[in-house]
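Just below is one structure, and these are the notes that go with it.
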4 protein chains.
Amino acid sequence: MTNPTSKLWSGRFSDGTNPDFAAFSRSVNVDLRLWQEDIAVNRAWAKALADIDIYSNEELRQVLAGLETIADEFEKRAFRFQEADEDIHMAVERRITEIAGDAGAKIHTGRSRNDQVMTDVLLYLKHVLPALDGNLQELQSTLISRAEEHVDTVMPGYTHLQQAQPVLLAHYLLSLFWPLKRDRERLHQVLDRADVMPLGSGALAGGAFPVDRRSIAEELGFARISENSIDAVSDRDLLLEVVNVAAMIMLHLSRYAEDLILWSSTEFGFVELSEAFSTGSSMMPQKKNPDSLELVRGKAARVLGHVTALQALLKGLPLTYARDLQEDKPPLFDALDTTSDSVRIFTGAVRDASFHPERMRQALDDLLLATDLADYLTRKGMPFRNAHELVGKIVNEAVKRKVPLTKLPLSALRSYSSLFEADVHEALTVEFSLRLRELPGGTGPDAVREQFEKAKNCIEMERRI
Amino acid sequence: MTNPTSKLWSGRFSDGTNPDFAAFSRSVNVDLRLWQEDIAVNRAWAKALADIDIYSNEELRQVLAGLETIADEFEKRAFRFQEADEDIHMAVERRITEIAGDAGAKIHTGRSRNDQVMTDVLLYLKHVLPALDGNLQELQSTLISRAEEHVDTVMPGYTHLQQAQPVLLAHYLLSLFWPLKRDRERLHQVLDRADVMPLGSGALAGGAFPVDRRSIAEELGFARISENSIDAVSDRDLLLEVVNVAAMIMLHLSRYAEDLILWSSTEFGFVELSEAFSTGSSMMPQKKNPDSLELVRGKAARVLGHVTALQALLKGLPLTYARDLQEDKPPLFDALDTTSDSVRIFTGAVRDASFHPERMRQALDDLLLATDLADYLTRKGMPFRNAHELVGKIVNEAVKRKVPLTKLPLSALRSYSSLFEADVHEALTVEFSLRLRELPGGTGPDAVREQFEKAKNCIEMERRI
Amino acid sequence: MTNPTSKLWSGRFSDGTNPDFAAFSRSVNVDLRLWQEDIAVNRAWAKALADIDIYSNEELRQVLAGLETIADEFEKRAFRFQEADEDIHMAVERRITEIAGDAGAKIHTGRSRNDQVMTDVLLYLKHVLPALDGNLQELQSTLISRAEEHVDTVMPGYTHLQQAQPVLLAHYLLSLFWPLKRDRERLHQVLDRADVMPLGSGALAGGAFPVDRRSIAEELGFARISENSIDAVSDRDLLLEVVNVAAMIMLHLSRYAEDLILWSSTEFGFVELSEAFSTGSSMMPQKKNPDSLELVRGKAARVLGHVTALQALLKGLPLTYARDLQEDKPPLFDALDTTSDSVRIFTGAVRDASFHPERMRQALDDLLLATDLADYLTRKGMPFRNAHELVGKIVNEAVKRKVPLTKLPLSALRSYSSLFEADVHEALTVEFSLRLRELPGGTGPDAVREQFEKAKNCIEMERRI
Amino acid sequence: MTNPTSKLWSGRFSDGTNPDFAAFSRSVNVDLRLWQEDIAVNRAWAKALADIDIYSNEELRQVLAGLETIADEFEKRAFRFQEADEDIHMAVERRITEIAGDAGAKIHTGRSRNDQVMTDVLLYLKHVLPALDGNLQELQSTLISRAEEHVDTVMPGYTHLQQAQPVLLAHYLLSLFWPLKRDRERLHQVLDRADVMPLGSGALAGGAFPVDRRSIAEELGFARISENSIDAVSDRDLLLEVVNVAAMIMLHLSRYAEDLILWSSTEFGFVELSEAFSTGSSMMPQKKNPDSLELVRGKAARVLGHVTALQALLKGLPLTYARDLQEDKPPLFDALDTTSDSVRIFTGAVRDASFHPERMRQALDDLLLATDLADYLTRKGMPFRNAHELVGKIVNEAVKRKVPLTKLPLSALRSYSSLFEADVHEALTVEFSLRLRELPGGTGPDAVREQFEKAKNCIEMERRI
């Protein structure tokens with residue numbers, strides 16, 4: 001009979017584990033979160049063992065009942081880990097053996113922790129990725145709603161943080177819809193790629209007991225089974241891919257967080273976060289800081305770190321399994337938690353934020369219309385490059401004379417080119433500028449209206465994975 | 001008329017550019033490789049301008065002829081850059097204006113470098129990603145061929161670099177087929193996601209001239225057009241995704257390179273690279289080093305660096321375009337070059353390598369069969385965990401007595417358990433062990449045969465993007 | 001009176017914090033470890049406030065007593081955090097106010113969390129870096145001891161994992177001594193650079209109450225005070241530098257871990273880890289895996305991730321403090337914990353490992369002596385490059401004929417060059433080869449003896465920071 | 001005689017190198033920049049060989065003359081590389097053999113590329129790091145000069161990009177002086193650590209010819225020689241440390257670049273870059289973009305990528321030399337080039353920038369003085385935490401009533417606390433606020449004056465390495 005206080009693999013060992021090393025190598029605090037998956041996998045495996053008569057019906061019953069008990073213990077936070085429990089898998093096997101005796105001691109027949117761990121992790125992904133997808137969808141909906149409130153709000157569009165051309169706030173807000181759409185596609189694709197059951201791959205060579213892998217997969221909800229046992233236990237590319245997608249999402253959020261933080265400054269004044277998503281200062285009583293968005297931006301860095309960690313972990317690692325791979329889970333889990341939380345906080349901050357259309361309007365510098373002035377000349381027949389240069393000179397003069405571009409009299413303009421005519425001042429308005437940008441994808445009011453339609457179709461059609 | 005020796009945007013400027021800064025910001029040596037795409041985009045754009053009567057037929061003819069001339073100059077390496085050519089796009093526009101006069105000076109009507117650059121880059125991806133995909137397919141074929149030579153070659157399979165269980169060399173070689181399959185899928189998906197034309201997005205707000213974006217896309221071979229002009233000019237997620245896939249491929253190669261380098265050591269002696277893929281030492285005359293594989297492994301690090309660079313570039317960057325984004329191309333281009341080269345070199349090294357089946361056979365330590373011994377007991381009814389512990393003790397004794405596991409007499413085994421019977425020694429052979437592993441994906445000879453079929457189907461069915 | 005259940009900065013706020021955001025932004029679980037430093041800083045600050053008569057003697061007494069009580073509560077794990085405690089600093093201030101009333105409510109006079117946090121963190125570094133330095137010194141001592149056991153053990157030295165030239169195991173083991181010496185130097189230097197007190201810098205502009213910064217620094221044990229308040233609260237370069245040093249240490253350990261893992265394989269067989277630093281397999285009873293070293297190697301990746309995270313956090317962040325910077329502590333703390341643990345585990349594994357001199361001896365392939373053969377010719381007057389080529393040809397023949405290099409008869413050698421004479425076989429021994437390498441730093445027995453002296457002097461002279 | 005068109009190590013090889021692989025592994029385009037160092041090392045080595053009679057005086061003369069010739073060829077860009085020249089070292093050896101015959105063919109006696117390369121690289125660092133240090137010193141001087149122009153300029157200081165407290169622009173500008181001081185210290189320390197000559201370490205075991213390493217070191221200007229040959233040829237920690245320092249510098253620049261870009265926006269309007277460090281837009285004639293600073297910020301990401309690349313390269317690499325290490329130079333060289341260029345461009349941009357004191361003054365929101373209001377109450381005896389809360393409420397009311405804080409009548413203030421007296425409005429001015437911050441390191445005018453003194457002493461005392 002095995003001694004439940006010693007390691008389950010200790011037969012070959014005469015001496016005990018160094019206690020420092022035992023603590024160093026223990027992963028229970030990280031993989032505890034896999035308990036549901038581990039029990040599900042044990043359950044499916046027990047049934048498969050019964051199918052090939054490793055288990056009698058009675059033994060199967062004992063094991064399944066025992067697994068229920070264990071699940072209950074976890075649920076109620078009553079599960080008691082022991083010193084020798086290296087990880088969640090060993091803990092569950094140890095406990096099922098305490099409860100179900102020999103039936104428990106048979107549960108590891110024909111499998112290895114190597115295939116078991118990967119099965120647990122992929123099953124976990126099948127549970128949590130759809131939730132993250134839901135969070136993203138929620139953010140997309142929020143963007144559409146907020147954009148709908150601002151179909152008439154004009155703001156300066158920036159390149160190089162310099163005012164460039166007027167755009168609609170609705171257009172700006174929708175501009176985040178599409179990257180999120182791509183992120184969700186990525187999520188769907190990696191989830192599909194991860195929908196493959198490794199169980200039955202054993203330690204590396206494939207299991208030695210003739211269980212039916214396909215029906216186990218069906219029981220666990222996997223679409224496919226892995227094709228090569230070495231690949232199945234060695235690779236972690238799917239985990240890295242998930243972390244890559246998480247990083248991509250965080251990068252997207254971080255850029256819009258940066259803009260909104262900027263807009264929250266007194267100098268911009270385009271937006272104000274709600275108090276619910278702001279914090280104060282321990283020292284300065286007046287402060288109301290956009291900490292929620294700063295944290296999102298900062299946590300992007302954290303997820304990038306996880307990408308590096310996971311990549312460096314895999315680089316040049318000899319096959320097949322090596323204990324290094326235990327370090328795959330902290331970056332994976334933290335990337336998913338951080339991203340999921342960040343999406344929700346960002347959504348809340350955007351949902352509650354007050355945009356200030358009047359401040360945006362006031363901020364519009366009429367140099368924004370310089371391109372339109374060049375385009376005016378272009379439409380009158382001057383080659384664009386020449387028009388660009390000529391308007392550059394006009395701008396230069398206007399800046400030096402501190403006269404707004406739109407206030408330059410026709411005579412002044414005509415001293416540069418006789419192509420300028422009375423209609424030029426009509427062409428030099430924000431509304432005129434916007435109306436010219438009705439190409440699909442542009443900021444023209446009609447184009448934006450069309451964009452709303454597409455976005456809404458998109459969000460509805462998309463299968464919620 | 002513009003002065004072709006000054007910057008094309010210099011109208012608004014009174015002073016010249018600081019020469020150090022001019023050199024610092026010039027990207028011609030990096031984006032030169034986009035010349036074909038830039039000309040294609042100019043060609044399509046010129047036609048679109050003609051469709052909306054910016055160009056007369058004659059002007060269009062001039063511009064198209066001029067573009068031919070320029071293409072010819074690039075082809076023959078006769079194109080002469082000027083100091084003021086900041087990048088390939090400005091160089092081409094400057095040159096077309098020299099050649100075609102006003103018609104050239106009109107080419108930038110209604111577009112911006114912001115949408116032009118992204119269009120060039122995505123077009124470039126449409127050209128080079130299929131080539132990389134072809135390289136990967138070639139490597140897959142090579143793996144299948146080499147594996148077919150070794151369906152009967154048995155080698156020790158390793159976990160933790162300790163001998164674990166016997167596997168077929170064919171199984172090991174095929175284990176790289178599947179990650180490459182996933183990498184190719186990733187490549188196809190990112191290529192599909194990138195099959196979207198940004199042109200017409202202008203600087204950020206959308207173009208102001210009513211060109212037909214969809215027919216330009218068709219002309220250039222893009223499947224779709226971008227939905228939001230801000231997104232189209234600001235985001236670089238597709239570039240990062242390509243670099244991520246490149247990194248994934250390199251990580252896969254690096255692990256197999258590590259193994260093959262290991263196997264090339266005198267101590268392992270499982271493989272010998274051809275002289276064509278080895279190098280010698282400047283000092284030690286006997287050396288024949290697996291440098292080709294070491295470089296592949298080392299270059300994986302280089303590509304990981306590009307992932308970090310591109311991620312850090314995007315993190316927290318305010319929208320829309322900022323000059324920081326010029327730094328997107330060096331990591332993208334180098335990641336693609338490095339990965340493509342590495343795949344080809346790795347393929348050559350594997351294709352030419354001599355595997356040594358006899359050395360693999362000799363290396364098999366019979367402790368490899370310990371699991372089979374435990375499985376034997378399990379099949380006789382002992383719970384696996386108990387069998388595992390008991391065999392652990394037997395191994396311990398065998399190691400201490402320096403007797404091979406398979407040479408322990410039945411009597412010795414029976415002193416541990418009366419379940420051992422005369423048939424135990426039959427069960428303790430490499431062939432027996434392999435034959436037990438016929439689960440789909442396992443290393444059993446039949447399972448491997450099936451795996452070949454699947455791999456071949458896979459490679460054939462897959463559309464060559 | 002402030003309400004201890006609401007945020008300490010909530011005066012300006014009408015609405016409460018969103019609970020999700022409150023949880024998202026709470027850092028107590030991370031910065032809890034700073035409680036000792038925070039109390040020390042509060043203590044020193046209270047005294048400074050008393051010196052400028054913000055505190056009466058009685059109030060000072062109350063606050064100091066209250067801080068004792070709080071320290072006691074932390075010590076006994078009896079401190080009760082409240083929902084509104086965002087971080088350790090707010091928690092301590094809240095609690096001291098509960099205990100000491102108005103005297104507690106005065107403690108934040110003239111300071112900000114911005115300078116307080118940085119002071120706590122640098123104080124923490126002053127406590128933990130010397131401990132890490134001690135761990136490194138311990139490893140250096142262990143290397144010297146193990147090397148002393150093996151001054152006569154000859155092993156193949158490798159380049160490209162190919163046998164290159166014979167070296168002493170002692171020389172190999174000492175080769176890790178010197179990188180660790182550099183790492184300790186780095187640690188000393190960053191610690192010296194971090195020995196600067198930020199307290200008194202306020203939120204960013206400097207404190208507004210005339211405390212004596214230099215005597216506070218003395219009280220807290222800082223050598224210097226910061227020179228610019230903006231720099232003091234904004235920069236995190238010292239934290240990044242610590243993480244960089246941690247990464248460097250981990251990179252050093254990871255390379256030697258890789259070698260030792262390799263040497264633990266059956267094929268090499270040069271070393272065997274003790275059972276105390278090995279683990280078994282859940283499935284394969286015979287396995288005894290070098291998991292301790294694999295984890296060290298894997299955890300190197302984790303620390304590299306922290307470098308990326310901290311770098312990406314700081315890149316392009318606007319000044320001065322932003323909440324992003326809360327994300328500085330998780331990578332810092334985990335890098336220090338992981339590195340410290342890894343050094344100790346690695347030290348234990350090396351201390352307990354059994355090296356196998358006879359296996360090393362057997363492994364020596366006599367092609368190792370090819371350089372010596374070329375050197376022989378060189379000493380006889382043949383230009384080295386020609387000798388190298390000629391010996392290359394001899395090696396080629398020996399390999400093809402499967403004759404050991406040292407067994408080639410003189411006649412065969414002379415067919416290549418008449419410079420070969422009877423003494424050639426004396427020159428072709430491992431001992432001869434070693435004795436030739438007596439340059440300082442070489443593997444010659446005397447040179448290694450000298451190296452021991454230097455290493456010992458080094459370790460003794462070095463101040464234990 | 002060796003055939004100069006074949007590889008110098010080809011004796012042992014029957015077949016040629018695969019041409020793709022030859023191209024893949026060639027590093028001449030990267031290490032070409034080491035030609036001066038390589039020739040210096042060859043020169044010193046030749047003299048050392050003469051000292052031990054490998055060279056006759058005549059041969060030494062030939063070789064030294066030949067090296068002069070080669071140097072001349074490089075200087076004049078007349079050196080002709082051949083296909084078989086793998087790297088700069090092989091090219092120089094090949095050429096010296098062409099020129100000096102047997103004397104050339106003897107030059108590699110007793111050394112290896114492994115120790116040669118590292119010696120070249122460290123020598124290179126001894127040449128370029130002082131130049132980088134000089135660039136940093138130049139930037140420090142520029143900051144001092146610009147700060148001296150602005151000792152009276154008041155601007156809003158920010159935390160969370162919200163106005164926090166008034167600071168002097170001089171104080172802000174000096175805040176970059178100190179991080180650069182730390183960076184220069186780091187540079188000096190790594191340079192000192194790298195001042196160690198590896199030559200004489202051979203391939204890994206130490207050289208076999210009794211040259212005098214210490215006098216070679218002296219000849220080459222190295223302070224010390226390496227203590228362990230394995231360490232000397234295997235480690236790259238010094239290179240990584242240089243790249244780490246480069247990254248640190250770039251991170252520092254990137255944060256100030258971010259601020260200056262922000263301040264260049266119309267909304268802030270605090271600074272305007274000169275035209276010499278700005279660029280225009282291809283489309284928008286009015287644009288004058290701070291591209292120089294954006295590129296600096298973007299290139300920070302590039303250098304971070306090099307850190308990741310170099311770290312990942314070293315992680316888990318088996319000892320001693322492996323070809324992977326060829327990938328150490330691209331990140332090192334590019335990090336140094338990029339950083340050096342970025343420092344110079346940043347310096348130029350700051351030197352030429354126009355700050356706008358009046359815009360800064362106008363931007364001051366009087367909520368900036370809220371802390372001063374709380375401090376006022378604190379000085380009157382109210383515990384700070386209560387004062388903070390009370391002022392928070394006052395701010396809340398002022399914001400809601402849209403009355404500036406400083407314009408609230410005394411009666412309104414007294415409705416909150418009777419501690420407010422007639423002197424409160426004197427205390428509520430920017431000048432009063434600044435004068436209170438005279439702690440060392442604070443933004444008070446006297447404190448800043450003192451800071452100038454320290455900065456100047458610092459810059460003068462510091463040895464220019």
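Every chain in the structure tokens takes a letter, A first, then B, and so on in the order presented; its residues are numbered from 1, and the ligands are numbered from 1 following the presented order.
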Would you give me, as a tab-separated table, each residue of chain D having an atom within 9 Å of an atom of chain A, along with its shortest atom pair and that distance in Å to one decimal, using only C-alpha atoms and sorting by chain and residue number?
```
residue	atom	partner	partner_atom	distance
D:Thr159	CA	A:Asn289	CA	8.3
D:His160	CA	A:Asn289	CA	6.0
D:Leu161	CA	A:Ser265	CA	6.0
D:Gln162	CA	A:Ser265	CA	5.4
D:Gln163	CA	A:Thr266	CA	7.2
D:Ala164	CA	A:Lys287	CA	7.2
D:Gln165	CA	A:Met284	CA	8.5
D:Ile261	CA	A:Leu161	CA	7.2
D:Leu262	CA	A:Leu161	CA	7.0
D:Ser264	CA	A:Gln162	CA	7.7
D:Ser265	CA	A:Gln162	CA	5.4
D:Thr266	CA	A:Gln162	CA	6.8
D:Glu267	CA	A:Glu267	CA	5.5
D:Phe268	CA	A:Glu267	CA	5.7
D:Ser282	CA	A:His388	CA	8.2
D:Met283	CA	A:Thr371	CA	6.8
D:Met284	CA	A:Thr371	CA	4.9
D:Pro285	CA	A:Gly392	CA	4.7
D:Gln286	CA	A:Ala370	CA	5.8
D:Lys287	CA	A:Ala164	CA	7.2
D:Lys288	CA	A:Gln162	CA	7.8
D:Asn289	CA	A:His160	CA	6.0
D:Pro290	CA	A:His160	CA	7.0
D:Asp291	CA	A:His160	CA	7.4
D:Glu294	CA	A:His160	CA	7.8
D:Thr308	CA	A:Thr308	CA	7.5
D:Gln311	CA	A:Ala312	CA	8.5
D:Ala312	CA	A:Ala312	CA	5.6
D:Leu313	CA	A:Lys315	CA	8.7
D:Lys315	CA	A:Ala312	CA	7.5
D:Gly316	CA	A:Gly316	CA	7.6
D:Leu317	CA	A:Gly316	CA	8.0
D:Ala363	CA	A:Glu267	CA	7.3
D:Asp365	CA	A:Thr266	CA	8.0
D:Leu367	CA	A:Gln286	CA	6.1
D:Leu368	CA	A:Gln286	CA	7.5
D:Leu369	CA	A:Gln286	CA	8.5
D:Ala370	CA	A:Gln286	CA	5.8
D:Thr371	CA	A:Met284	CA	4.9
D:Asp372	CA	A:Met284	CA	8.6
D:Ala374	CA	A:Pro285	CA	7.6
D:Phe384	CA	A:Met283	CA	8.9
D:Arg385	CA	A:Ser282	CA	8.6
D:Ala387	CA	A:Pro285	CA	8.8
D:His388	CA	A:Pro285	CA	5.4
D:Glu389	CA	A:Pro285	CA	6.8
D:Leu390	CA	A:Pro285	CA	8.4
D:Val391	CA	A:Pro285	CA	6.0
D:Gly392	CA	A:Pro285	CA	4.7
D:Lys393	CA	A:Pro285	CA	8.4
D:Ile394	CA	A:Gln286	CA	8.9
D:Val395	CA	A:Gln286	CA	5.9
D:Asn396	CA	A:Gln286	CA	7.9
```
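Residues in contact with Leu169 of chain C at 9 Å, where only C-alpha atoms are counted and same-chain residues fewer than 4 positions away are skipped, are listed as Ala147, His150, Val151, Asp152, Thr153, Val154, Met155, Pro156, Gly157, Leu173, Leu174 and Pro357 of chain C.
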- Item | Contacts of Glu59 of chain A within 12 Å, only C-alpha atoms, excl. fewer than 3 positions in-chain, as a PyMOL selection string | (chain A and resi 46-47+49-50+53-56+62-66+96-97+99-107) or (chain B and resi 383)
Next on the checklist: Taking only segment 134-192 of chain C into account, list the residues labelled alpha helix (DSSP H) by DSSP (computed from the backbone), as an NGL selection string.
Outcome noted: :C and (134-149 or 169-174 or 177-192)
Would you please extract all strand (DSSP E or B) residues from segment 176-412 of chain C, as assigned by DSSP on the backbone, and give them as a PyMOL selection string?
chain C and resi 196-197+224-225+271-272+279+289+354-355
Next, the residues of the selection above should be written as a JSON list (two decimals), in the first residue's frame with N, CA and C atoms.
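Contents of part36.json, freshly written:
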```json
[["chain", "number", "residue", "atom", "x", "y", "z"],
["C", 196, "VAL", "N", 20.06, 56.07, -1.54],
["C", 196, "VAL", "CA", 19.68, 57.48, -1.63],
["C", 196, "VAL", "C", 18.23, 57.61, -1.19],
["C", 197, "MET", "N", 17.98, 58.46, -0.24],
["C", 197, "MET", "CA", 16.63, 58.58, 0.30],
["C", 197, "MET", "C", 15.77, 59.58, -0.48],
["C", 224, "ARG", "N", 22.81, 58.87, 1.33],
["C", 224, "ARG", "CA", 22.62, 60.16, 0.68],
["C", 224, "ARG", "C", 21.13, 60.48, 0.54],
["C", 225, "ILE", "N", 20.84, 61.74, 0.17],
["C", 225, "ILE", "CA", 19.45, 62.10, -0.14],
["C", 225, "ILE", "C", 19.36, 62.46, -1.62],
["C", 271, "VAL", "N", 27.66, 13.08, -14.18],
["C", 271, "VAL", "CA", 27.25, 13.56, -12.87],
["C", 271, "VAL", "C", 25.91, 12.92, -12.51],
["C", 272, "GLU", "N", 25.67, 12.80, -11.22],
["C", 272, "GLU", "CA", 24.36, 12.32, -10.76],
["C", 272, "GLU", "C", 23.92, 13.20, -9.60],
["C", 279, "THR", "N", 13.60, 14.42, -8.81],
["C", 279, "THR", "CA", 12.23, 13.92, -8.61],
["C", 279, "THR", "C", 11.98, 12.74, -9.52],
["C", 289, "ASN", "N", 14.88, 12.33, -12.15],
["C", 289, "ASN", "CA", 15.06, 13.47, -13.05],
["C", 289, "ASN", "C", 15.72, 14.66, -12.36],
["C", 354, "SER", "N", 27.08, 13.97, -7.31],
["C", 354, "SER", "CA", 28.23, 13.06, -7.43],
["C", 354, "SER", "C", 28.80, 13.17, -8.84],
["C", 355, "PHE", "N", 30.03, 13.61, -8.93],
["C", 355, "PHE", "CA", 30.68, 13.62, -10.24],
["C", 355, "PHE", "C", 31.33, 12.25, -10.47]]
```
Atom pair atom CA of Gly200 of chain B + atom CA of Asp51 of chain B, distance 14.4 Å
Residues within 8 Å of Asp31 of chain B, please, as a ChimeraX atom specification. Count only C-alpha atoms; anything in the same chain fewer than 3 positions from it doesn't count. /B:27-28,34-35,87-88,329
Please produce a file of those selected residues containing C-alpha atoms, as an mmCIF file, in the first residue's frame.
```cif
data_model
loop_
_atom_site.group_PDB
_atom_site.id
_atom_site.type_symbol
_atom_site.label_atom_id
_atom_site.label_comp_id
_atom_site.auth_asym_id
_atom_site.auth_seq_id
_atom_site.Cartn_x
_atom_site.Cartn_y
_atom_site.Cartn_z
ATOM 1 C CA SER B 27 14.494 54.954 -43.832
ATOM 2 C CA VAL B 28 15.439 54.350 -47.436
ATOM 3 C CA LEU B 34 9.112 47.872 -50.965
ATOM 4 C CA TRP B 35 9.834 49.410 -54.344
ATOM 5 C CA ASP B 87 11.901 57.010 -47.815
ATOM 6 C CA ILE B 88 11.016 54.915 -50.810
ATOM 7 C CA LYS B 329 9.634 47.701 -40.452
#
```
Task: For Thr443 of chain B: contacts at 7 Å, only C-alpha atoms, fewer than 5 positions along chain excluded, given as an MDAnalysis selection string - done: (chainID A and resid 205:206) or (chainID B and resid 167:168 171 434 437:438 448)
- Can you tell me, as a PyMOL selection string, what residues are no more than 12 Å from Val121 of chain C when counting only C-alpha atoms, ignoring any on the same chain fewer than 5 positions away? chain C and resi 31-38+40-41+88-89+113-116+126-129+194-199+233+236+238-239+242+326+328-330+332-333
task: Name all residues at most 10 Å from Arg435 of chain B (count only C-alpha atoms; drop same-chain ones fewer than 3 positions away) and give them as a ChimeraX atom specification.
output: /A:208 /B:430-432,438-439,442-447
Just write the chosen residues, C-alpha atoms, as a PDB file, in the first residue's frame.
```
ATOM      1  CA  ALA A 208      -0.059   1.397 -23.335  1.00  0.00           C
TER       2      ALA A 208
ATOM      3  CA  VAL B 430      11.603  -2.962 -26.735  1.00  0.00           C
ATOM      4  CA  GLU B 431       9.440  -4.470 -29.452  1.00  0.00           C
ATOM      5  CA  PHE B 432       6.789  -5.491 -27.002  1.00  0.00           C
ATOM      6  CA  GLU B 438      -0.807   1.602 -30.837  1.00  0.00           C
ATOM      7  CA  LEU B 439      -3.251   4.210 -29.591  1.00  0.00           C
ATOM      8  CA  GLY B 442       1.328   6.716 -30.184  1.00  0.00           C
ATOM      9  CA  THR B 443       4.695   5.355 -31.239  1.00  0.00           C
ATOM     10  CA  GLY B 444       3.391   1.859 -32.073  1.00  0.00           C
ATOM     11  CA  PRO B 445       4.374   0.831 -35.612  1.00  0.00           C
ATOM     12  CA  ASP B 446       0.789   0.754 -36.873  1.00  0.00           C
ATOM     13  CA  ALA B 447      -0.088   4.019 -35.224  1.00  0.00           C
TER      14      ALA B 447
END
```
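Taking atom CA of Tyr124 of chain C and atom CA of Leu310 of chain A as endpoints, the distance between them is 28.7 Å.
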Atom CA of Phe452 of chain C sits from atom CA of Ser342 of chain C at a separation of 25.0 Å
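When only C-alpha atoms are used to measure the gap to Ser417 of chain C, the shortest distance among C:Gly381, C:Lys402, C:Phe222, C:Arg193 belongs to C:Gly381.
Checking A:Ile144, A:Asp192, A:Leu260, A:Ala353 one by one against Glu453 of chain A, counting only C-alpha atoms, you find the shortest gap at A:Ile144.
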From the list A:Ile230, A:Val243, A:Leu180, A:Asp324, the nearest residue to Pro166 of chain B using only C-alpha atoms is A:Ile230
